[in-house]
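Peer 1: Below you'll find the structure I mean.
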Protein chains: 2
Amino acid sequence: MLIPKPYLLFLGDITDPLAEKTARGIQVWRPDYCLGQLRLPGCTVSLGLDDFSVEAAWAAGAKTLVLGVANAGGFLPQHWIDTIRSAICTGMNVVSGLHEKLSSMPELAKLAKQRGVTLFDIRHIRPNLRVGNGKQRSGKRILTVGTDCSVGKMYASLALEEDMRKRGMDVNFRATGQTGILIAGEGIAIDAIVADFISGAVEALSPANNINHWDIIEGQGSLFHPSYAGVSMGLLHGAQPQWLVMCHEMNRLHMRHLPHQPMVKLDVCVDANLRAAAVTCRNVKLAGFAINTSNVSNSKARNYCHLLRKRFGVPATDPLRFGIGEITTLLQKQT
Amino acid sequence: MLIPKPYLLFLGDITDPLAEKTARGIQVWRPDYCLGQLRLPGCTVSLGLDDFSVEAAWAAGAKTLVLGVANAGGFLPQHWIDTIRSAICTGMNVVSGLHEKLSSMPELAKLAKQRGVTLFDIRHIRPNLRVGNGKQRSGKRILTVGTDCSVGKMYASLALEEDMRKRGMDVNFRATGQTGILIAGEGIAIDAIVADFISGAVEALSPANNINHWDIIEGQGSLFHPSYAGVSMGLLHGAQPQWLVMCHEMNRLHMRHLPHQPMVKLDVCVDANLRAAAVTCRNVKLAGFAINTSNVSNSKARNYCHLLRKRFGVPATDPLRFGIGEITTLLQKQT
């Protein structure tokens with residue numbers, strides 16, 4: 001799967017800025033993929049891109065309509081279907097991250113077939129998978145892991161990729177979640193895979209490569225999150241990373257959505273991740289910390305990172321606030 | 001799901017005794033579920049049960065035809081379909097653990113609907129699941145974990161259930177694999193669940209219960225098996241067990257099917273399982289070891305168990321050779 005670019009980002013008639021998280025992620029990290037946005041009447045949100053109709057976007061070269069908005073329940077509102085239908089008719093592919101599959105709507109599926117375009121239901125991509133085997137493979141791999149969900153693993157991964165690329169390193173971001181997939185243009189939504197194939201899917205996602213090539217694999221969940229630790233564990237084994245970047249949000253009190261579940265301690269979390277990763281990569285090391293410090297002042301953020309640096313002997317930074325350069329520098333020294 | 005009993009065990013025309021593993025498991029652990037066997041011409045294997053035709057079994061009270069044999073590739077041989085068709089026509093349900101689904105064969109699905117019987121594709125059961133939450137729930141739970149796949153977790157679980165029941169304890173075996181499901185008559189094939197729902201599925205499988213009720217949850221895989229550790233991790237969190245029974249095969253040299261992957265050390269494996277289990281049950285303890293000693297002499301097996309007992313301070317036994325009573329006794333003391 002490789003989603004054709006450039007994208008026309010569909011915002012529907014949403015009014016909640018949080019709902020555009022996916023579209024915003026694509027725009028921030030891959031501005032050159034984004035031809036423009038399409039908004040229906042009533043939409044109060046904007047990415048600040050040029051507005052296009054389907055026809056105008058097609059004329060300007062758009063290849064794919066991206067449903068880049070979250071929706072309560074993941075269902076496709078009936079009144080969005082007209083736009084999807086016209087996109088297909090003009091010859092555009094359509095990508096959806098919604099639970100409800102475009103390809104299981106007979107009318108859209110038939111239309112897409114007639115026009116020779118593809119409907120990408122990225123939550124439901126099920127490539128031909130085999131179970132993982134943990135065999136050693138060449139190439140360098142970094143996995144972002146976390147104390148919790150939604151602590152900035154995707155952000156840290158993309159920041160690292162950007163910085164490494166700027167320094168002329170040979171690097172790929174490997175997406176495991178739907179926003180990441182739209183940013184990379186390919187990937188596997190790892191939480192939607194059948195459980196037996198988690199590590200195998202990640203092995204397929206980050207195959208053997210040149211010894212100087214870096215894969216940065218987007219982590220998911222946390223070994224300490226009771227809902228998703230299975231996914232995180234399979235990811236860790238399948239990624240076979242030589243390096244982990246630990247992501248964490250300062251001052252988070254409990255595991256996401258679970259007030260009864262205390263936040264894991266950072267040293268315990270680092271230790272557990274290194275131990276588990278060692279099952280498929282004996283010499284795995286911690287490359288540093290990517291800390292989301294958005295809840296505190298600049299000076300508190302600096303102090304906290306300084307403290308982590310001293311305590312663990314590795315770089316610690318908020319990639320959004322301070323950049324991720326110190327982690328890149330450490331990795332660069334290893335080549 | 002609760003599969004109606006008694007079963008007519010279908011052996012097809014197999015000639016490989018290993019292929020009858022599932023049927024044999026049902027017969028060993030639930031002899032009272034097994035009305036008889038049905039063999040086609042050419043079948044050289046027998047469970048030692050009475051042979052029945054479909055009609056004779058139905059007349060004798062059989063409720064469900066069980067395809068209790070493995071088949072290369074998990075496909076349904078064309079020449080088995082006649083038997084399945086007649087079972088449905090007489091009014092019997094049919095259970096299959098094959099990859100190929102009975103319910104997606106239009107002719108069989110239609111026939112089953114007409115006759116009002118159920119086709120159970122137990123590898124594909126997808127109950128309505130939610131993600132796990134790790135909330136503390138009442139009742140006592142034991143999970144069998146392992147150094148590897150196929151070390152006897154199901155056997156240990158069933159031996160424990162049998163022994164506890166004999167002693168008048170209130171206990172249920174909770175099945176997570178297909179043979180276990182046929183033995184219990186219900187359960188969830190946990191490795192076939194979408195990754196996001198592993199722990200949630202196990203929470204649903206072993207719900208809150210009386211404080212004196214025991215659930216024995218069948219473990220799968222190993223935290224140290226690069227193919228399946230994600231499943232094992234989600235199982236561990238979802239089970240929220242107060243007790244772990246560590247299963248291991250003496251003298252196994254490497255992880256199953258992976259000659260490059262060294263066998264984990266027993267103390268490392270115990271430690272990792274207790275740490276991970278503590279995420280959802282802070283006071284989790286090791287209840288003992290269930291050792292498969294089939295490769296060594298009786299005296300070597302006794303010596304090894306003795307050594308483990310001394311080293312870890314908990315019971316250690318081969319349930320098949322020496323029974324599982326010492327683990328039950330330890331658990332009984334806790335009530």
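Numbering starts fresh at 1 for the residues of each chain in the structure tokens, the chains themselves are lettered A, B, ... in the order given, and ligands are numbered from 1 as they appear.
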Dump as a count of residues only the residues of chain A that approach chain B to within 10 Å, counting only C-alpha atoms.

Peer 2: 51

Peer 1: Would you list the contacts of Arg137 (chain A) as a ChimeraX atom specification, taking every protein, DNA or RNA residue within 8 Å and counting only C-alpha atoms, but skipping same-chain residues closer than 3 positions in sequence?

Peer 2: /A:207-209

Peer 1: So that I can check the surroundings of Asp318 (chain A), please list as a PyMOL selection string every protein, DNA and RNA residue that reaches within 8 Å of it, counting only C-alpha atoms and ignoring chain neighbours fewer than 6 positions away.

Peer 2: chain A and resi 290-293+301+305+324

Peer 1: Give the strand (DSSP E or B) residues of region 167-317 of chain B, as DSSP finds them on the backbone, and put them as a PyMOL selection string.

Peer 2: chain B and resi 170-174+194+213-217+243-249+254+262+285-292+316-317

Peer 1: Suppose you want the space between CA of Cys149 (chain B) and CA of Gly12 (chain B); what is it in Å?

Peer 2: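 CA of Gly12 (chain B) lies at a distance of 27.3 Å from CA of Cys149 (chain B).
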
Peer 1: One decimal, in Å: what's the spacing between CA of Leu65 (chain A) and CA of His99 (chain A)?

Peer 2: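 These two atoms are separated by 17.0 Å.
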
Peer 1: Considering only C-alpha atoms, return as a ChimeraX atom specification whatever protein or nucleic-acid residues lie within 9 Å of Arg115 (chain A), sequence-local ones (same chain, fewer than 5 positions apart) excluded.

Peer 2: /A:88-92,110

Peer 1: Please, could you write that set of residues out with N, CA, C and O atoms as a compact mmCIF listing (two decimals), in the first residue's frame?

Peer 2:
# COMPACT_ATOMS: atom_id res chain seq x y z
N ILE A 88 -14.64 10.09 -6.09
CA ILE A 88 -14.42 8.84 -6.83
C ILE A 88 -14.71 9.06 -8.32
O ILE A 88 -13.93 8.64 -9.18
N CYS A 89 -15.82 9.75 -8.61
CA CYS A 89 -16.22 9.95 -10.01
C CYS A 89 -15.19 10.75 -10.80
O CYS A 89 -14.96 10.48 -11.98
N THR A 90 -14.55 11.71 -10.15
CA THR A 90 -13.53 12.49 -10.88
C THR A 90 -12.27 11.66 -11.10
O THR A 90 -11.49 11.97 -11.98
N GLY A 91 -12.09 10.62 -10.26
CA GLY A 91 -10.90 9.76 -10.44
C GLY A 91 -9.95 9.80 -9.26
O GLY A 91 -8.81 9.34 -9.35
N MET A 92 -10.44 10.33 -8.13
CA MET A 92 -9.58 10.37 -6.95
C MET A 92 -9.76 9.12 -6.10
O MET A 92 -10.85 8.56 -5.99
N LYS A 110 -18.53 -0.25 -5.78
CA LYS A 110 -18.82 -0.45 -7.21
C LYS A 110 -18.29 0.71 -8.04
O LYS A 110 -17.63 0.53 -9.08

Peer 1: Which residues come within 12 Å of region 157-159 of chain A, counting only C-alpha atoms, excluding same-chain residues fewer than 4 positions away, as JSON, numbers by chain?

Peer 2: {"A": [25, 26, 28, 29, 30, 141, 142, 143, 144, 145, 146, 151, 152, 153, 163, 164, 165, 166, 171, 172, 173, 174, 175, 176, 179, 180, 181, 183, 184, 214, 215, 216, 217, 218, 219, 220, 244, 245, 246, 247, 289, 290, 317, 318, 319, 320, 321, 322, 323, 324, 325, 326, 327, 328]}

Peer 1: Just the residues within 9 Å of Gly185 (chain B), please, counting only C-alpha atoms, with nothing from its chain fewer than 5 positions along; format it as a PDB file with N, CA and C atoms, in the first residue's frame.

Peer 2:
ATOM      1  N   MET B   1     -21.781 -17.979  24.027  1.00  0.00           N
ATOM      2  CA  MET B   1     -21.632 -19.264  23.356  1.00  0.00           C
ATOM      3  C   MET B   1     -21.509 -20.392  24.356  1.00  0.00           C
ATOM      4  N   LEU B   2     -22.323 -21.398  24.201  1.00  0.00           N
ATOM      5  CA  LEU B   2     -22.160 -22.614  24.984  1.00  0.00           C
ATOM      6  C   LEU B   2     -22.521 -23.752  24.032  1.00  0.00           C
ATOM      7  N   ILE B   3     -21.532 -24.578  23.781  1.00  0.00           N
ATOM      8  CA  ILE B   3     -21.729 -25.620  22.770  1.00  0.00           C
ATOM      9  C   ILE B   3     -22.543 -26.769  23.370  1.00  0.00           C
ATOM     10  N   PRO B   4     -23.662 -27.133  22.739  1.00  0.00           N
ATOM     11  CA  PRO B   4     -24.507 -28.198  23.284  1.00  0.00           C
ATOM     12  C   PRO B   4     -23.801 -29.564  23.286  1.00  0.00           C
ATOM     13  N   LYS B   5     -24.010 -30.296  24.338  1.00  0.00           N
ATOM     14  CA  LYS B   5     -23.422 -31.606  24.525  1.00  0.00           C
ATOM     15  C   LYS B   5     -24.529 -32.649  24.593  1.00  0.00           C
ATOM     16  N   ALA B 175     -11.277 -21.142  28.988  1.00  0.00           N
ATOM     17  CA  ALA B 175     -10.512 -21.567  27.815  1.00  0.00           C
ATOM     18  C   ALA B 175     -10.149 -20.396  26.913  1.00  0.00           C
ATOM     19  N   GLY B 180      -9.187 -26.097  24.298  1.00  0.00           N
ATOM     20  CA  GLY B 180      -9.772 -25.692  25.579  1.00  0.00           C
ATOM     21  C   GLY B 180     -11.238 -25.314  25.438  1.00  0.00           C
TER      22      GLY B 180
END
